[in-house]
Structure formats: C-alpha cells, structure tokens
file structure_16.txt (compact mmCIF, C-alpha atoms and all ligand atoms)
# COMPACT_ATOMS: atom_id res chain seq x y z
CA MET A 19 -13.05 184.76 -85.90
CA THR A 20 -10.04 183.07 -87.53
CA HIS A 21 -6.92 182.42 -85.48
CA TYR A 22 -3.46 182.42 -87.12
CA ASP A 23 0.03 181.64 -85.87
CA THR A 24 1.23 184.91 -87.39
CA ILE A 25 -0.44 188.04 -88.71
CA ILE A 26 1.55 190.57 -90.72
CA ILE A 27 0.22 194.10 -91.19
CA GLY A 28 1.45 195.81 -94.38
CA GLY A 29 2.24 194.22 -97.74
CA GLY A 30 5.34 196.15 -98.82
CA PRO A 31 8.71 194.43 -99.31
CA ALA A 32 9.19 193.92 -95.55
CA GLY A 33 5.73 192.41 -95.05
CA MET A 34 5.84 190.21 -98.14
CA MET A 35 9.25 188.78 -97.22
CA ALA A 36 8.10 188.30 -93.61
CA ALA A 37 5.20 186.24 -95.00
CA VAL A 38 7.58 184.20 -97.18
CA ALA A 39 9.73 183.38 -94.13
CA SER A 40 6.80 182.73 -91.83
CA THR A 41 5.15 180.31 -94.25
CA TYR A 42 8.53 178.71 -94.99
CA TYR A 43 8.72 177.93 -91.25
CA GLY A 44 5.28 176.32 -91.44
CA GLN A 45 3.38 179.07 -89.67
CA ASN A 46 -0.27 179.56 -90.54
CA THR A 47 0.14 183.14 -91.75
CA LEU A 48 -2.12 186.02 -92.76
CA LEU A 49 -0.80 189.11 -94.59
CA LEU A 50 -3.11 192.14 -94.45
CA GLU A 51 -2.67 195.03 -96.89
CA LYS A 52 -4.89 198.08 -97.12
CA ASN A 53 -4.27 198.78 -100.83
CA ARG A 54 -5.90 196.84 -103.60
CA ARG A 55 -2.51 195.40 -104.51
CA LEU A 56 0.68 194.48 -102.67
CA GLY A 57 3.89 196.51 -102.98
CA LYS A 58 2.59 199.84 -104.27
CA LYS A 59 5.65 201.83 -103.15
CA LEU A 60 8.04 199.07 -104.19
CA ALA A 61 6.50 199.09 -107.65
CA GLY A 62 7.48 202.74 -108.09
CA THR A 63 11.14 202.36 -107.19
CA GLY A 64 13.91 202.48 -109.78
CA GLY A 65 11.62 204.41 -112.13
CA GLY A 66 9.00 201.64 -112.06
CA ARG A 67 11.55 198.88 -112.67
CA CYS A 68 12.04 197.95 -108.98
CA ASN A 69 15.52 198.43 -107.59
CA VAL A 70 15.22 195.19 -105.63
CA THR A 71 18.62 195.23 -103.92
CA ASN A 72 22.25 196.27 -104.25
CA ASN A 73 24.95 193.70 -104.91
CA GLY A 74 27.67 195.38 -102.77
CA THR A 75 29.68 193.94 -99.88
CA LEU A 76 28.53 194.13 -96.27
CA ASP A 77 30.61 197.32 -95.91
CA ASP A 78 28.86 198.80 -98.95
CA LEU A 79 25.49 197.94 -97.42
CA LEU A 80 26.37 199.58 -94.12
CA ALA A 81 27.68 202.67 -95.93
CA GLY A 82 24.43 202.76 -97.93
CA ILE A 83 22.35 202.74 -94.73
CA PRO A 84 23.54 205.86 -92.89
CA GLY A 85 20.52 205.81 -90.54
CA ASN A 86 21.33 203.08 -87.98
CA GLY A 87 22.57 200.52 -90.52
CA ARG A 88 24.75 198.90 -87.86
CA PHE A 89 21.62 197.68 -86.10
CA LEU A 90 21.23 195.33 -89.07
CA TYR A 91 24.49 193.37 -88.52
CA SER A 92 22.63 190.47 -87.01
CA VAL A 93 19.87 190.65 -89.63
CA PHE A 94 22.42 190.53 -92.46
CA SER A 95 24.19 187.58 -90.82
CA GLN A 96 20.89 185.69 -91.20
CA PHE A 97 19.70 186.99 -94.59
CA ASP A 98 21.54 189.48 -96.78
CA ASN A 99 21.49 191.00 -100.26
CA HIS A 100 23.01 187.84 -101.77
CA ASP A 101 20.14 185.83 -100.27
CA ILE A 102 17.72 188.28 -101.90
CA ILE A 103 19.41 187.72 -105.26
CA ARG A 104 19.36 183.94 -104.75
CA PHE A 105 15.70 184.03 -103.70
CA PHE A 106 14.54 185.75 -106.88
CA GLU A 107 16.75 183.73 -109.21
CA GLU A 108 15.49 180.49 -107.64
CA ASN A 109 11.96 181.75 -108.09
CA ASP A 110 12.28 182.37 -111.82
CA VAL A 111 13.02 186.09 -111.71
CA PRO A 112 16.37 186.62 -113.46
CA LEU A 113 18.13 189.76 -112.23
CA LYS A 114 20.74 192.13 -113.65
CA VAL A 115 23.22 194.50 -112.03
CA GLU A 116 23.46 198.08 -113.23
CA ASP A 117 25.70 201.00 -112.22
CA HIS A 118 26.48 201.53 -108.52
CA GLY A 119 25.58 197.90 -107.82
CA ARG A 120 21.85 198.48 -108.31
CA VAL A 121 19.97 195.24 -108.98
CA PHE A 122 16.83 195.08 -111.15
CA PRO A 123 14.71 192.30 -112.62
CA LYS A 124 15.87 191.53 -116.18
CA SER A 125 12.27 192.13 -117.26
CA ASP A 126 12.59 195.78 -116.10
CA LYS A 127 9.16 195.28 -114.54
CA SER A 128 8.36 195.64 -110.83
CA LYS A 129 5.52 193.23 -111.37
CA SER A 130 7.92 190.29 -111.76
CA ILE A 131 9.29 190.94 -108.26
CA ILE A 132 5.91 191.44 -106.58
CA ASP A 133 4.31 188.48 -108.36
CA ALA A 134 7.18 186.17 -107.31
CA LEU A 135 6.79 187.13 -103.64
CA GLU A 136 3.01 186.76 -103.77
CA LYS A 137 3.25 183.40 -105.53
CA LYS A 138 5.73 182.06 -102.98
CA ILE A 139 3.55 183.09 -100.03
CA LYS A 140 0.54 181.35 -101.57
CA GLU A 141 2.51 178.24 -102.61
CA GLN A 142 3.67 177.86 -99.02
CA GLY A 143 0.06 178.05 -97.80
CA GLY A 144 -0.04 181.69 -96.67
CA HIS A 145 -3.20 183.80 -96.79
CA ILE A 146 -3.26 187.30 -98.26
CA GLU A 147 -6.08 189.78 -97.86
CA THR A 148 -5.82 193.08 -99.75
CA ASN A 149 -8.21 196.02 -99.44
CA ARG A 150 -8.00 195.29 -95.72
CA GLU A 151 -6.96 198.25 -93.60
CA VAL A 152 -6.13 197.37 -90.02
CA VAL A 153 -7.64 199.95 -87.69
CA SER A 154 -6.71 198.62 -84.26
CA VAL A 155 -4.47 196.13 -82.50
CA LYS A 156 -4.71 194.83 -78.96
CA LYS A 157 -3.07 192.09 -76.94
CA ILE A 158 -5.38 190.12 -74.69
CA GLU A 159 -3.53 187.62 -72.52
CA ASN A 160 -1.08 186.09 -74.99
CA VAL A 161 -3.14 186.67 -78.10
CA PHE A 162 -3.07 189.61 -80.51
CA GLN A 163 -6.43 190.88 -81.70
CA VAL A 164 -6.26 192.67 -85.04
CA LYS A 165 -9.31 194.54 -86.35
CA SER A 166 -10.14 195.87 -89.79
CA LYS A 167 -13.36 197.79 -90.46
CA ASP A 168 -15.43 194.64 -90.76
CA SER A 169 -13.31 191.71 -89.56
CA THR A 170 -11.44 190.62 -86.47
CA TYR A 171 -8.49 188.24 -86.55
CA THR A 172 -6.32 186.81 -83.79
CA SER A 173 -2.76 185.51 -83.72
CA ASP A 174 0.07 184.43 -81.43
CA LYS A 175 2.64 186.51 -83.27
CA LEU A 176 2.19 189.93 -84.86
CA ILE A 177 4.59 191.51 -87.35
CA VAL A 178 4.16 195.20 -88.14
CA THR A 179 5.56 196.24 -91.53
CA THR A 180 3.52 199.35 -92.33
CA GLY A 181 6.44 201.49 -93.60
CA GLY A 182 7.41 205.07 -92.78
CA LYS A 183 5.49 208.28 -93.47
CA SER A 184 6.86 209.27 -96.89
CA TYR A 185 4.61 209.11 -99.96
CA PRO A 186 1.48 208.40 -97.86
CA SER A 187 -0.46 207.90 -101.11
CA THR A 188 1.29 204.51 -101.33
CA GLY A 189 -0.26 203.47 -98.01
CA SER A 190 2.52 204.33 -95.54
CA THR A 191 0.68 206.71 -93.23
CA GLY A 192 2.32 205.80 -89.94
CA PHE A 193 -0.15 203.25 -88.57
CA GLY A 194 2.68 201.07 -87.24
CA HIS A 195 3.93 203.94 -85.10
CA ASP A 196 0.47 204.15 -83.52
CA VAL A 197 0.64 200.42 -82.79
CA ALA A 198 4.01 200.93 -81.09
CA ARG A 199 2.67 203.85 -79.03
CA HIS A 200 -0.34 201.75 -78.02
CA PHE A 201 2.11 199.23 -76.54
CA LYS A 202 4.08 202.07 -74.91
CA LEU A 203 7.14 201.66 -77.12
CA GLU A 204 9.24 204.74 -77.89
CA VAL A 205 8.99 206.22 -81.38
CA THR A 206 11.69 208.69 -82.43
CA ASP A 207 10.86 211.94 -84.21
CA MET A 208 10.27 211.52 -87.90
CA GLU A 209 11.70 213.72 -90.63
CA ALA A 210 12.40 213.63 -94.34
CA ALA A 211 15.41 211.79 -95.75
CA GLU A 212 16.51 211.39 -99.37
CA SER A 213 14.69 214.60 -100.30
CA PRO A 214 14.72 216.26 -103.69
CA LEU A 215 16.27 219.76 -103.49
CA LEU A 216 14.55 223.04 -104.31
CA THR A 217 16.89 225.48 -106.04
CA ASP A 218 17.09 229.04 -107.22
CA PHE A 219 18.64 229.03 -110.69
CA GLU A 220 17.34 228.42 -114.18
CA HIS A 221 16.39 224.84 -113.45
CA LYS A 222 13.37 225.04 -115.77
CA THR A 223 15.71 225.50 -118.76
CA LEU A 224 17.52 222.31 -117.79
CA GLN A 225 14.45 220.33 -116.68
CA GLY A 226 14.58 216.67 -117.72
CA ILE A 227 18.36 216.52 -118.21
CA SER A 228 19.96 213.61 -116.35
CA LEU A 229 23.69 213.29 -115.81
CA ASP A 230 25.73 210.22 -114.89
CA ASP A 231 28.35 210.45 -112.17
CA VAL A 232 28.70 214.17 -111.63
CA THR A 233 30.02 215.58 -108.37
CA LEU A 234 27.68 217.66 -106.22
CA SER A 235 29.27 219.17 -103.13
CA TYR A 236 28.61 221.43 -100.22
CA GLY A 237 31.62 222.08 -97.99
CA LYS A 238 33.15 218.78 -96.98
CA HIS A 239 30.19 216.80 -98.29
CA VAL A 240 31.19 215.61 -101.75
CA ILE A 241 28.91 213.19 -103.60
CA THR A 242 29.62 211.67 -106.99
CA HIS A 243 26.52 210.05 -108.43
CA ASP A 244 23.76 210.56 -110.98
CA LEU A 245 21.77 213.81 -110.97
CA LEU A 246 18.49 214.90 -112.48
CA PHE A 247 17.30 218.45 -113.22
CA THR A 248 13.58 218.77 -112.52
CA HIS A 249 10.98 221.53 -112.75
CA PHE A 250 11.58 222.44 -109.08
CA GLY A 251 15.34 221.85 -108.78
CA LEU A 252 17.43 218.72 -108.37
CA SER A 253 16.66 215.05 -107.84
CA GLY A 254 18.50 211.78 -108.48
CA PRO A 255 20.86 210.05 -106.04
CA ALA A 256 23.45 212.88 -105.82
CA ALA A 257 20.80 215.42 -104.76
CA LEU A 258 18.97 212.97 -102.48
CA ARG A 259 22.20 212.14 -100.65
CA LEU A 260 23.21 215.77 -100.26
CA SER A 261 19.81 216.50 -98.73
CA SER A 262 20.96 215.20 -95.32
CA PHE A 263 23.53 218.00 -95.13
CA VAL A 264 21.55 221.04 -96.29
CA SER A 265 18.38 222.77 -95.22
CA GLY A 266 18.15 225.75 -97.58
CA GLY A 267 20.25 228.87 -98.13
CA GLU A 268 23.43 226.99 -99.04
CA ILE A 269 25.38 227.31 -102.27
CA ALA A 270 26.23 223.87 -103.64
CA GLU A 271 28.83 223.30 -106.34
CA LEU A 272 28.35 221.00 -109.28
CA ASP A 273 31.29 219.54 -111.18
CA PHE A 274 29.90 218.43 -114.54
CA LEU A 275 33.17 216.72 -115.50
CA PRO A 276 34.73 215.20 -112.36
CA GLN A 277 36.73 212.72 -114.44
CA MET A 278 38.66 215.61 -116.09
CA SER A 279 41.08 217.90 -114.27
CA GLN A 280 41.29 221.62 -115.04
CA GLU A 281 44.62 220.98 -116.83
CA GLU A 282 43.01 218.32 -119.02
CA LEU A 283 40.21 220.72 -119.87
CA VAL A 284 42.72 223.41 -120.91
CA GLU A 285 44.49 220.80 -123.10
CA GLN A 286 41.17 219.84 -124.67
CA PHE A 287 40.37 223.49 -125.36
CA ASP A 288 43.74 223.79 -127.15
CA VAL A 289 43.08 220.69 -129.24
CA ASN A 290 39.61 221.97 -130.18
CA ARG A 291 40.43 225.68 -130.52
CA GLU A 292 39.02 225.96 -134.06
CA LYS A 293 35.68 224.45 -132.95
CA SER A 294 32.66 226.12 -131.40
CA ILE A 295 32.39 225.98 -127.62
CA LYS A 296 29.00 224.34 -127.85
CA ASN A 297 30.20 221.51 -130.11
CA THR A 298 33.19 220.90 -127.88
CA LEU A 299 31.05 220.71 -124.73
CA LYS A 300 28.69 218.37 -126.57
CA ILE A 301 31.48 215.78 -126.67
CA TRP A 302 31.04 215.34 -122.92
CA LEU A 303 27.62 216.74 -122.03
CA PRO A 304 24.01 216.49 -123.26
CA GLU A 305 23.31 218.96 -126.08
CA ARG A 306 20.81 221.11 -124.15
CA LEU A 307 23.23 221.53 -121.25
CA ALA A 308 26.16 222.27 -123.61
CA ASP A 309 24.04 224.94 -125.27
CA TYR A 310 23.09 226.48 -121.91
CA LEU A 311 26.67 226.57 -120.60
CA ALA A 312 28.11 227.96 -123.86
CA ARG A 313 25.51 230.73 -124.19
CA PRO A 314 27.32 233.54 -122.27
CA PHE A 315 30.55 233.02 -124.22
CA PRO A 316 31.77 233.83 -127.77
CA GLU A 317 31.11 231.20 -130.41
CA LYS A 318 34.55 229.64 -130.87
CA ILE A 319 37.06 228.45 -128.32
CA LYS A 320 39.84 230.48 -129.97
CA GLN A 321 37.80 233.67 -129.33
CA LEU A 322 37.89 233.16 -125.54
CA THR A 323 40.00 235.66 -123.59
CA PRO A 324 42.00 234.09 -120.73
CA PRO A 325 39.50 235.35 -118.09
CA GLN A 326 36.62 234.01 -120.20
CA GLN A 327 38.32 230.61 -120.47
CA GLU A 328 38.77 230.59 -116.72
CA ALA A 329 35.10 231.51 -116.24
CA LEU A 330 34.02 228.69 -118.57
CA ILE A 331 36.17 226.18 -116.68
CA HIS A 332 34.64 227.45 -113.43
CA GLN A 333 31.16 226.86 -114.86
CA LEU A 334 32.10 223.32 -115.83
CA LYS A 335 33.95 222.36 -112.65
CA ALA A 336 32.24 224.44 -109.94
CA PHE A 337 28.81 225.50 -111.22
CA GLU A 338 27.08 227.24 -108.34
CA ILE A 339 23.54 226.30 -107.39
CA LYS A 340 21.63 228.04 -104.63
CA ILE A 341 19.61 225.56 -102.59
CA THR A 342 16.45 227.17 -101.24
CA GLY A 343 14.99 224.18 -99.40
CA LYS A 344 14.02 220.56 -99.75
CA MET A 345 10.86 218.57 -100.25
CA SER A 346 8.62 217.78 -97.27
CA LEU A 347 8.49 214.37 -95.56
CA ALA A 348 5.46 213.42 -97.67
CA LYS A 349 7.38 214.10 -100.89
CA SER A 350 10.72 212.66 -99.79
CA PHE A 351 11.73 209.14 -100.72
CA VAL A 352 12.47 207.90 -97.21
CA THR A 353 11.52 208.54 -93.57
CA LYS A 354 14.22 209.14 -91.00
CA GLY A 355 13.07 208.07 -87.52
CA GLY A 356 10.50 205.50 -86.45
CA ILE A 357 10.30 202.75 -83.83
CA ASP A 358 13.17 203.33 -81.42
CA LEU A 359 15.72 200.54 -81.92
CA LYS A 360 16.36 200.39 -78.16
CA GLU A 361 12.95 198.71 -77.98
CA ILE A 362 13.87 195.93 -80.41
CA ASN A 363 15.95 192.75 -80.11
CA PRO A 364 18.33 192.98 -83.12
CA LYS A 365 18.49 189.17 -83.54
CA THR A 366 14.75 188.56 -83.81
CA LEU A 367 13.28 192.06 -84.33
CA GLU A 368 10.89 191.31 -81.49
CA SER A 369 9.84 194.00 -79.05
CA LYS A 370 11.73 193.69 -75.76
CA LYS A 371 8.59 194.77 -73.86
CA VAL A 372 5.87 192.91 -75.76
CA PRO A 373 6.63 189.24 -76.50
CA GLY A 374 5.39 188.15 -79.93
CA LEU A 375 5.31 191.68 -81.38
CA HIS A 376 7.82 192.20 -84.21
CA PHE A 377 8.67 195.11 -86.51
CA ALA A 378 10.52 195.21 -89.84
CA GLY A 379 11.25 197.60 -92.69
CA GLU A 380 10.97 201.36 -92.78
CA VAL A 381 8.64 201.50 -89.77
CA LEU A 382 11.85 201.08 -87.75
CA ASP A 383 14.23 203.98 -87.11
CA ILE A 384 16.44 202.95 -90.04
CA ASN A 385 16.95 204.97 -93.20
CA ALA A 386 19.09 204.30 -96.22
CA HIS A 387 20.11 205.77 -99.54
CA THR A 388 18.12 204.95 -102.63
CA GLY A 389 19.98 202.51 -104.85
CA GLY A 390 18.41 199.40 -103.34
CA PHE A 391 19.57 199.92 -99.76
CA ASN A 392 16.16 200.63 -98.18
CA ILE A 393 14.64 197.72 -100.03
CA THR A 394 17.47 195.45 -98.89
CA SER A 395 16.86 196.60 -95.32
CA ALA A 396 13.11 195.94 -95.70
CA LEU A 397 13.44 192.49 -97.35
CA CYS A 398 16.17 191.24 -94.99
CA SER A 399 14.53 192.53 -91.80
CA GLY A 400 11.23 191.13 -93.08
CA TRP A 401 12.80 187.69 -93.47
CA VAL A 402 14.22 187.80 -89.93
CA ALA A 403 10.96 189.03 -88.34
CA GLY A 404 9.06 186.24 -90.11
CA SER A 405 11.54 183.49 -89.16
CA LEU A 406 11.31 181.27 -86.12
CA HIS A 407 14.21 181.62 -83.68
CA TRP A 408 15.07 178.90 -81.26
C1 LIG B 501 9.41 207.20 -105.34
C2 LIG B 501 10.25 206.32 -104.45
C3 LIG B 501 11.39 205.72 -104.97
C4 LIG B 501 12.19 204.93 -104.16
N1 LIG B 501 13.31 204.37 -104.70
C5 LIG B 501 14.06 203.56 -103.94
C6 LIG B 501 15.21 202.92 -104.49
O1 LIG B 501 15.53 203.08 -105.67
N2 LIG B 501 15.94 202.12 -103.67
C7 LIG B 501 15.61 201.93 -102.35
O2 LIG B 501 16.29 201.19 -101.64
N3 LIG B 501 14.52 202.50 -101.81
C8 LIG B 501 13.75 203.31 -102.57
N4 LIG B 501 12.64 203.89 -102.01
C9 LIG B 501 12.28 203.56 -100.60
C10 LIG B 501 11.63 202.17 -100.50
O3 LIG B 501 10.62 202.03 -101.46
C11 LIG B 501 11.05 201.95 -99.09
O4 LIG B 501 12.05 202.15 -98.13
C12 LIG B 501 10.48 200.53 -98.93
O5 LIG B 501 9.38 200.34 -99.81
C13 LIG B 501 10.02 200.29 -97.49
O6 LIG B 501 9.44 199.03 -97.42
P1 LIG B 501 8.42 198.64 -96.24
O7 LIG B 501 7.91 197.29 -96.58
O8 LIG B 501 9.05 198.86 -94.94
O9 LIG B 501 7.25 199.72 -96.36
P2 LIG B 501 6.27 200.11 -97.58
O10 LIG B 501 6.86 199.73 -98.87
O11 LIG B 501 5.90 201.53 -97.36
O12 LIG B 501 5.01 199.17 -97.33
C14 LIG B 501 4.15 199.33 -96.23
C15 LIG B 501 2.80 198.75 -96.59
O13 LIG B 501 1.96 198.71 -95.42
C16 LIG B 501 0.64 199.03 -95.82
N5 LIG B 501 -0.11 199.54 -94.68
C17 LIG B 501 0.13 200.66 -93.96
N6 LIG B 501 -0.78 200.81 -92.98
C18 LIG B 501 -1.61 199.74 -93.06
C19 LIG B 501 -2.76 199.33 -92.31
N7 LIG B 501 -3.23 200.05 -91.29
N8 LIG B 501 -3.38 198.18 -92.67
C20 LIG B 501 -2.92 197.42 -93.72
N9 LIG B 501 -1.84 197.79 -94.46
C21 LIG B 501 -1.20 198.92 -94.12
C22 LIG B 501 0.83 200.09 -96.91
O14 LIG B 501 -0.30 200.21 -97.73
C23 LIG B 501 2.06 199.57 -97.64
O15 LIG B 501 1.72 198.74 -98.72
C24 LIG B 501 11.83 204.72 -102.80
C25 LIG B 501 10.68 205.31 -102.28
C26 LIG B 501 9.90 206.11 -103.08
C27 LIG B 501 8.68 206.76 -102.49

call {"tool": "encode", "arguments": {"input": "structure_16.txt", "output": "structure tokens"}}
result
Amino acid sequence: MTHYDTIIIGGGPAGMMAAVASTYYGQNTLLLEKNRRLGKKLAGTGGGRCNVTNNGTLDDLLAGIPGNGRFLYSVFSQFDNHDIIRFFEENDVPLKVEDHGRVFPKSDKSKSIIDALEKKIKEQGGHIETNREVVSVKKIENVFQVKSKDSTYTSDKLIVTTGGKSYPSTGSTGFGHDVARHFKLEVTDMEAAESPLLTDFEHKTLQGISLDDVTLSYGKHVITHDLLFTHFGLSGPAALRLSSFVSGGEIAELDFLPQMSQEELVEQFDVNREKSIKNTLKIWLPERLADYLARPFPEKIKQLTPPQQEALIHQLKAFEIKITGKMSLAKSFVTKGGIDLKEINPKTLESKKVPGLHFAGEVLDINAHTGGFNITSALCSGWVAGSLHW
C-alpha cells in the first residue's frame, strides 16, 4: 500500500489545479480519476474549445456566480482569474478573450488546457492514475484510506473534487457527496441550474439559429446575451440564465433587436419602404429568421397597414415564447446545491469537522453562470484546497 501526503479524487479542473498546487508545495501527491482521461467535462465546455476563465473584475466574477459566490472571497484573494490566465500563459498556452470576457486557448482546443495541467503536475513530481474509480473512503486515526476496486492508498490529506451531478456521463455522479455524508457533513438538496428551456412554439423551424446579444425576459428578469434555437427549445447563455427564474408555463419575451428602439425601427421602415420586409430584416437578422418573421406579412414594407406595422414591430421587439419546462439535472450544465458551505473553512476549504479533508469545485454548494465562471470557481478553489496554509 502506497502512502501519499495528499490524495485528490476527481481529475476535473478543480482536481487538476489542486494537484498543481499540492505538488508546487512539495507534497507527494496522487490524483485519481475514474475516466480514461482527465477533464472530460472541461473538454466539452465552450463548444469543445474550453472556456477556461472569464477576464472580468472581482465584481464581475461575483455577479457571474449567483450561487454562493461570496463564499469565494477568500479563495479569490489567494488565486483568481488573472492567476489562471498567468498560469496558462506561463505554461505555453496562449489565451484570447472573446465576447462577455470569455477566455479560450488561442488554439481553440480544450486539449491544450488539459495537457498543460497534466504536464505541470507530472513535472512537479505528481502521480496521476486514470481509469481508477474510488469506491470508498475512510479515516483511520489520522490517515485517510482510499479504495478503488483493486487498490488501496493512504494519505494525510484528502481533497475531494468529484464535481456535481450534471452530465453524469462525464463522470460526475455525486460520489463526493457520499464521502461527505460518510463523514456526517451536511449536503444541501441538489437541483438543476443553467438548464436549457423547453418551449412550445415553432422552434424546429428555427433550430440551429444562434443570435448574439438578444434580450430574453420574463417579468423583471431581463437578460441580454447570446441565444440558440435548438430542436427542443432554447439554449445558449440567455436561456440558461433565465432558467433560474422559470419552471414552465411562463411566457417569455424575446427582443431580437435590443440595440434599436421602436422609433428607430419605424425610421428604418420608412427608409426601406420600397424594399421587401424579408430583405430589410436580413440587414439585422439571420436569413432563416428574417424569412420566418416576415412570412405572415405582405411582401413589401410599403404594403404594411399601420396595425400590421405595429404587429411586425411587436414580433421583433417582444416575440412571445411559451416556456413549457426545463431540462433535468442530468441534462443541465451545472448543479445547484452540494456540500453545505457551513461545513467548510473558506480560507483553506478544509472541513471544519474532519481535519485534513478538503473539497473544491462543483461538489461544493456553489453554482455559476456558464461563460467561464464555474471553471474559474473550480480552478481557483482547487488551487486553494491543494495549497499549504500556515
Ligand atoms: C456541456 C457543458 C458545458 C459547460 N460550459 C461551461 C462554460 O462555458 N463555462 C463554465 O464556467 N462552466 C461550464 N460548464 C460547467 C463546468 O464544466 C463545471 O462546473 C466544471 O467542470 C466543474 O469542475 P469540477 O472539477 O468541480 O468537476 P468536474 O469537471 O465534473 O470533474 C469531476 C471529475 O471527478 C471524477 N470523479 C467523480 N467520481 C469519481 C470517483 N469516485 N473516482 C474517481 N474520479 C471520480 C469525474 O470523472 C470527473 O472527471 C459546462 C458544463 C457542461 C456539462
């Protein structure tokens, strides 16, 4: 049986960064991952390009982490999004910033990010075992005993970074919550966050259309961000963010042209009155959408009666979409709920009840918007859990 200073269970962003920190501090470290490769969920973020962080201010980060982001104050004072950016650039992964502060590797390949983390862990003397599912954890005296199907390992410090319960096919099946329960730590109820929306309108006609910076609203909840029409309804950041405020049965409104007021639209209709409605809408919208919106109306703008013009403006500025539900936890991007933060020291991410036991990443009761905020939370909390604190 091999003894380590630190064992980390789960090789997502939180676990990999915990291993980087732990080995940086000279700890003999073992990272155990049940998949064949590290970072399966991370690899799928940002459409396979890996949305590794967000380059916003601390206030932007906290606003991007609506689920208990404030718990991370101390974490971010030790390691923040700018440290993530510095880490990758110093480790030969040039990054670029896209809209809404989203940061990606210049290569547009998740592999560059995962390879850099893996390389750093190994360079600093860390051990990584993949295809190694941990099935039980115990603490005997001051030593943790970690068992996989055919091996047993021991350590002085244990870091649990097994993720939430969303997309279980990526490996996050909730094992870390079982570890917490074993040690009698509270785990809050888990539910879906950042869920794609199911809708009742002709979404199939619009399937595949993506829109930049449209405004999706329901009552006082007004979100301006990118939106994607899918075969079941709506996805993309605007829909995912609205999902916290709806459950099904609501009518949401979509403003396709938030940058243009109604008056500006009327002016534009005057300027283009000899043109077809479809060609005019095409100036601002994708062709398939322009075609769909123009269909109920006469061909040319000058043929519109005043009520028809008003109806067209209503379609453009307040298109109604009936929301019928949202995707389940398993098909949502993020898990709300997890290890109760009352159990955890925010400076070290160590359990208050069980010395040596640490948690980081989505296994904790922290949830964020997509756009790099969850990954920032995972990488930064991973660094802090893996660090030594004197
Ligand atoms: C499709 C999709 C897109 C997303 N896009 C974004 C985005 O653009 N921006 C953003 O910020 N967030 C995004 N997220 C969320 C983000 O990916 C997660 O919040 C983040 O990966 C959590 O990191 P983690 O290290 O805590 O957990 P995970 O990435 O889930 O990693 C946990 C790891 O632990 C391993 N594990 C679990 N149990 C065991 C066990 N018993 N033994 C050994 N290993 C185990 C798992 O196999 C897994 O590899 C997206 C999520 C999905 C599903």

call {"tool": "closest_residue", "arguments": {"input": "structure_16.txt", "among": "A:His407, A:Leu375, A:Tyr22, A:Asn363", "to": "Lys156 (chain A)", "atoms": "all atoms listed in the file"}}
result
A:Leu375

call {"tool": "residues_near_ligand", "arguments": {"input": "structure_16.txt", "ligand": "ligand LIG 501 (chain B)", "cutoff": "7 Å", "atoms": "only C-alpha atoms and all ligand atoms", "output": "ChimeraX atom specification"}}
result
/A:27-33,50-53,56-60,62-64,69,71,150-153,179-182,184-185,188-194,350-352,378-381,386-394,396

call {"tool": "atom_distance", "arguments": {"input": "structure_16.txt", "atom1": "CA of Leu246 (chain A)", "atom2": "CA of Ser262 (chain A)"}}
result
17.3 Å

call {"tool": "residues_around", "arguments": {"input": "structure_16.txt", "residues": "Ser261 (chain A)", "least_positions_apart": "4", "cutoff": "10 Å", "atoms": "all atoms listed in the file", "output": "count of residues only"}}
result
17

call {"tool": "residues_near_point", "arguments": {"input": "structure_16.txt", "point": "(13.0, 212.2, -90.0)", "cutoff": "6 Å", "atoms": "only C-alpha atoms", "output": "number ranges by chain"}}
result
A: 208-210, 353-355

call {"tool": "closest_residue", "arguments": {"input": "structure_16.txt", "among": "A:Val232, A:Leu330, A:Lys293, A:Ile339", "to": "Glu317 (chain A)", "atoms": "all atoms listed in the file"}}
result
A:Lys293

call {"tool": "residues_around", "arguments": {"input": "structure_16.txt", "residues": "Ser399 (chain A)", "least_positions_apart": "3", "cutoff": "9 Å", "atoms": "all atoms listed in the file", "output": "PyMOL selection string"}}
result
chain A and resi 32+35-36+90+93-94+97+366-367+377-379+394-396+402-404

call {"tool": "write_last_selection", "arguments": {"input": "structure_16.txt", "atoms": "C-alpha atoms", "output": "tab-separated table (two decimals), in the coordinates of the input"}}
result
chain	number	residue	atom	x	y	z
A	32	ALA	CA	9.19	193.92	-95.55
A	35	MET	CA	9.25	188.78	-97.22
A	36	ALA	CA	8.10	188.30	-93.61
A	90	LEU	CA	21.23	195.33	-89.07
A	93	VAL	CA	19.87	190.65	-89.63
A	94	PHE	CA	22.42	190.53	-92.46
A	97	PHE	CA	19.70	186.99	-94.59
A	366	THR	CA	14.75	188.56	-83.81
A	367	LEU	CA	13.28	192.06	-84.33
A	377	PHE	CA	8.67	195.11	-86.51
A	378	ALA	CA	10.52	195.21	-89.84
A	379	GLY	CA	11.25	197.60	-92.69
A	394	THR	CA	17.47	195.45	-98.89
A	395	SER	CA	16.86	196.60	-95.32
A	396	ALA	CA	13.11	195.94	-95.70
A	402	VAL	CA	14.22	187.80	-89.93
A	403	ALA	CA	10.96	189.03	-88.34
A	404	GLY	CA	9.06	186.24	-90.11

call {"tool": "closest_residue", "arguments": {"input": "structure_16.txt", "among": "A:Leu234, A:Val155, A:Leu252, A:Val111", "to": "Lys137 (chain A)", "atoms": "all atoms listed in the file"}}
result
A:Val111

call {"tool": "atom_distance", "arguments": {"input": "structure_16.txt", "atom1": "CA of Ser95 (chain A)", "atom2": "CA of Asn46 (chain A)"}}
result
25.7 Å

call {"tool": "closest_residue", "arguments": {"input": "structure_16.txt", "among": "A:Thr217, A:Ser279, A:Thr47, A:Gln333", "to": "Gly267 (chain A)", "atoms": "all atoms listed in the file"}}
result
A:Thr217

call {"tool": "build_atoms", "arguments": {"input": "structure_16.txt", "residues": "region 75-82 of chain A", "atoms": "N, CA, C and O atoms", "output": "compact mmCIF listing (two decimals), in the coordinates of the input"}}
result
# COMPACT_ATOMS: atom_id res chain seq x y z
N THR A 75 29.20 194.72 -101.03
CA THR A 75 29.68 193.94 -99.88
C THR A 75 28.92 194.40 -98.63
O THR A 75 28.18 195.39 -98.68
N LEU A 76 29.17 193.71 -97.52
CA LEU A 76 28.53 194.13 -96.27
C LEU A 76 28.91 195.58 -95.93
O LEU A 76 28.06 196.38 -95.51
N ASP A 77 30.18 195.94 -96.18
CA ASP A 77 30.61 197.32 -95.91
C ASP A 77 29.84 198.31 -96.80
O ASP A 77 29.46 199.39 -96.34
N ASP A 78 29.63 197.92 -98.05
CA ASP A 78 28.86 198.80 -98.95
C ASP A 78 27.44 198.98 -98.42
O ASP A 78 26.87 200.07 -98.44
N LEU A 79 26.87 197.87 -97.94
CA LEU A 79 25.49 197.94 -97.42
C LEU A 79 25.43 198.89 -96.23
O LEU A 79 24.55 199.75 -96.15
N LEU A 80 26.41 198.74 -95.32
CA LEU A 80 26.37 199.58 -94.12
C LEU A 80 26.58 201.05 -94.49
O LEU A 80 25.95 201.94 -93.93
N ALA A 81 27.46 201.29 -95.48
CA ALA A 81 27.68 202.67 -95.93
C ALA A 81 26.42 203.22 -96.62
O ALA A 81 26.14 204.41 -96.56
N GLY A 82 25.65 202.33 -97.23
CA GLY A 82 24.43 202.76 -97.93
C GLY A 82 23.26 202.96 -96.99
O GLY A 82 22.19 203.40 -97.40
